[in-house]
Every structure is written in structure tokens, then in C-alpha cells.
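Okay, so here's the structure we're looking at.
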Amino acid sequence: VSNLGISNEDKIIIYDNSDLISSCRCWYSFLYFGHDPSLVSVLNGGFKKWKQEGKSTVNSKTIINKSIYKAKENKQMVRSKIEIDQNISLKNFHVVDARSLERFEGKVPEPRPNVRSGSIEGSSCLPFNQLINKNNNTFKNIDDLNVIFKKIIDTQDNNIVFSCGSGVTASVLALAYSLINNKYIPTIYDGSWSEYGLIK
């Protein structure tokens, strides 16, 4: 991050060319390493929407002045496999899986080798693409997000842990949930199903 010339006080706007997947993971990473949440945003719609609207772009290299960025981990934003296993009986938090329903229910094989099909006991499924408008890669409006989340969780609950295949699309759910619950601290099972479902 220092090599990118970013300082701890900078306002950061993140974009990508996917369905917000990479930018949301980048957003989560900055928060995990201590950047002020009010200074980190994702460009809604990403590069796809930016280009659709005919906004200006450049292809020249940006001149960067190296900074000294100081990170401070917030380890409460991550859950481990041990904590996930313990929670099956303790039920201290609710796990929500961002994978497709077919993968969650084990009806299709996992795309990664040596990973079994299925899901974490007691978890719920909310495919991340249900939160995104297909035509322009933007998040659905707040009212719609509220309706979608309320189908599976209490939207005042701050003890929510998001999971997926590898900890990336879980970040899409975490950002969307933080839009409707401003007291929520994004929390992810980073190993996700690629760790939990690993065939040993």
C-alpha cells in the first residue's frame, strides 16, 4: 500500500471490472488493516457503469510518490475454522454463505479440487448476485437489500459472519449488510468453504 502512495488519512475509492467482487474484498481488506471505514468506498457499478455513462478515462501511467502506510489488524473481523466449528453448538453468531444455492445444497460439484460439496451446519444461503443489479453492476437500493436480508436474518443482528467459496464474495454480502446496518462490523470466515470443505 505504501508503494501505491496511499496514506492512512486518504479517502480511498475502489473500483473493478467485475460484479463488485474484487472491489468489495479490497474494501474489506482496508477495514481489516485499520483504515478509517468512513474513508473507504466502493464505486457503485465499478468500471462497467463508469464506461456505460461515457465518463472520462485515461491510459497513461500514474506517477506515484511512495508513502509510509501503517496498518493495524482488527482480528475481530475474521473467524477461524475452530470458531466456526464451536459455533455450531454455541450459536454465538449466524453464518451466511454467499455461494449459489446449488453449491450450498451440494447439488453441484465444487469448482476447486479436493473440496467436497455442501455447506456449514446451521448456516444460511444468500447468493451474492441477488444483491446486485445485473444491468449495471450496482447494489440494489436500501429498501430492496433490507427485504432480501430480512428473509434470512434479523437485520438488527450484529453477530453475522459471512462465508463463501474463498472469502471474496463474502465481502460483497458484508458491504451490502453494512449499508443497511451501520453498527455492523464486517466479519468474514476467511477460509470459507475451500477450507471447511477440504477433503483431507
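In the C-alpha cells, each chain is lettered A, B, ... as it comes, each chain's residues begin at 1, and ligands are numbered from 1 in order of appearance.
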Per-residue nearest contacts range 146-183 of chain A to range 43-64 of chain A, cut-off 12 Å, using only C-alpha atoms, as a tab-separated table:
```
residue	atom	partner	partner_atom	distance
A:Val172	CA	A:Asn44	CA	11.7
A:Leu175	CA	A:Asn44	CA	11.3
A:Ala176	CA	A:Asn44	CA	11.2
```
Sorted by chain and rising residue number, list the residues of range 101-177 of chain A at most 12 Å from range 27-36 of chain A (counting only C-alpha atoms), each with its closest atom pair and distance in Å to one decimal, as a tab-separated table.
```
residue	atom	partner	partner_atom	distance
A:Phe162	CA	A:Tyr28	CA	11.8
A:Gly167	CA	A:Tyr28	CA	10.3
A:Val168	CA	A:Tyr28	CA	9.4
A:Thr169	CA	A:Tyr28	CA	10.8
A:Ala170	CA	A:Tyr28	CA	9.8
A:Ser171	CA	A:Tyr28	CA	6.4
A:Val172	CA	A:Tyr28	CA	9.0
A:Leu173	CA	A:Tyr28	CA	10.7
A:Ala174	CA	A:Tyr28	CA	8.1
A:Leu175	CA	A:Tyr28	CA	7.8
A:Ala176	CA	A:Tyr28	CA	11.6
```
request  = Find, counting only C-alpha atoms, the residue in A:Lys151, A:Ser22, A:Ala98, A:Ser192 that gets nearest to Ser80 in chain A.
outcome  = A:Ser192
ask   = Near Ile82 in chain A, counting only C-alpha atoms, which residues have an atom at most 10 Å away, once you skip same-chain residues fewer than 4 positions from it, shown as an MDAnalysis selection string?
value = chainID A and resid 86:87 196
request  = Per DSSP on the backbone, filter chain A down to the residues in alpha helix (DSSP H) and report them as a PyMOL selection string.
outcome  = chain A and resi 21-32+46-52+81-90+101-104+142-150+169-180+192-196
query = Which residue, A:Ser124, A:Asn141, A:Ser119, A:Asn158, has the smallest gap to Leu179 in chain A when you use only C-alpha atoms?
reply =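 Closest candidate: A:Asn141.
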key: Which of A:Leu4, A:Ile12, A:Leu20, A:Val95 sits closest to Asn133 in chain A [using only C-alpha atoms]   = A:Leu20
message = I'd like the neighbourhood of range 75-78 of chain A as an MDAnalysis selection string, where a residue qualifies if any of its atoms comes within 6 Å (using only C-alpha atoms), though same-chain residues fewer than 2 positions away should be ignored.
response = chainID A and resid 73 187:189
Using only N, CA and C atoms, please write the residues we just selected to a file, as a PDB file, in the first residue's frame.
```pdb
ATOM      1  N   GLU A  73      -4.044  -4.471  12.381  1.00  0.00           N
ATOM      2  CA  GLU A  73      -5.049  -5.508  12.147  1.00  0.00           C
ATOM      3  C   GLU A  73      -6.198  -5.449  13.160  1.00  0.00           C
ATOM      4  N   THR A 187     -17.561  -8.977   9.211  1.00  0.00           N
ATOM      5  CA  THR A 187     -16.883 -10.152   9.769  1.00  0.00           C
ATOM      6  C   THR A 187     -17.013 -11.310   8.796  1.00  0.00           C
ATOM      7  N   ILE A 188     -15.874 -11.932   8.494  1.00  0.00           N
ATOM      8  CA  ILE A 188     -15.834 -12.970   7.463  1.00  0.00           C
ATOM      9  C   ILE A 188     -15.104 -14.211   7.966  1.00  0.00           C
ATOM     10  N   TYR A 189     -15.633 -15.368   7.604  1.00  0.00           N
ATOM     11  CA  TYR A 189     -14.873 -16.609   7.772  1.00  0.00           C
ATOM     12  C   TYR A 189     -13.972 -16.704   6.553  1.00  0.00           C
TER      13      TYR A 189
END
```
inquiry  = What does the structure give for the distance between CA of Ala71 in chain A and CA of Asn3 in chain A, in Å to one decimal?
reply    = 13.6 Å
task = Check the DSSP output for the backbone and give back, as a list in words, the residues of chain A in strand (DSSP E).
result =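 Answer for chain A restricted to strand (DSSP E) is Ile12, Ile13, Ile14, Val40, Ser41, Val42, Val78, Arg79, His94, Val95, Val96, Asp97, Ser124, Cys125, Ile160, Val161, Phe162, Ser163, Ile188 and Tyr189 of chain A.
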remark   = Pro37 in chain A proximity check over A:Leu131, A:Val147, A:Ile160, A:Ile185, using only C-alpha atoms: winner is A:Ile185
query = Any idea what the distance is between CA of Lys81 in chain A and CA of Ser163 in chain A?
reply =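 Atom-to-atom, CA of Lys81 in chain A and CA of Ser163 in chain A are spaced 11.1 Å apart.
Taking CA of Arg103 in chain A and CA of Ser117 in chain A as endpoints, the distance between them is 6.7 Å.
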request  = Would you kindly return, as a ChimeraX atom specification, each protein, DNA or RNA residue with an atom no farther than 9 Å from any atom of Ile148 in chain A, considering only C-alpha atoms and excluding same-chain residues fewer than 3 positions away?
outcome  = /A:126,130-131,143-145,151-152
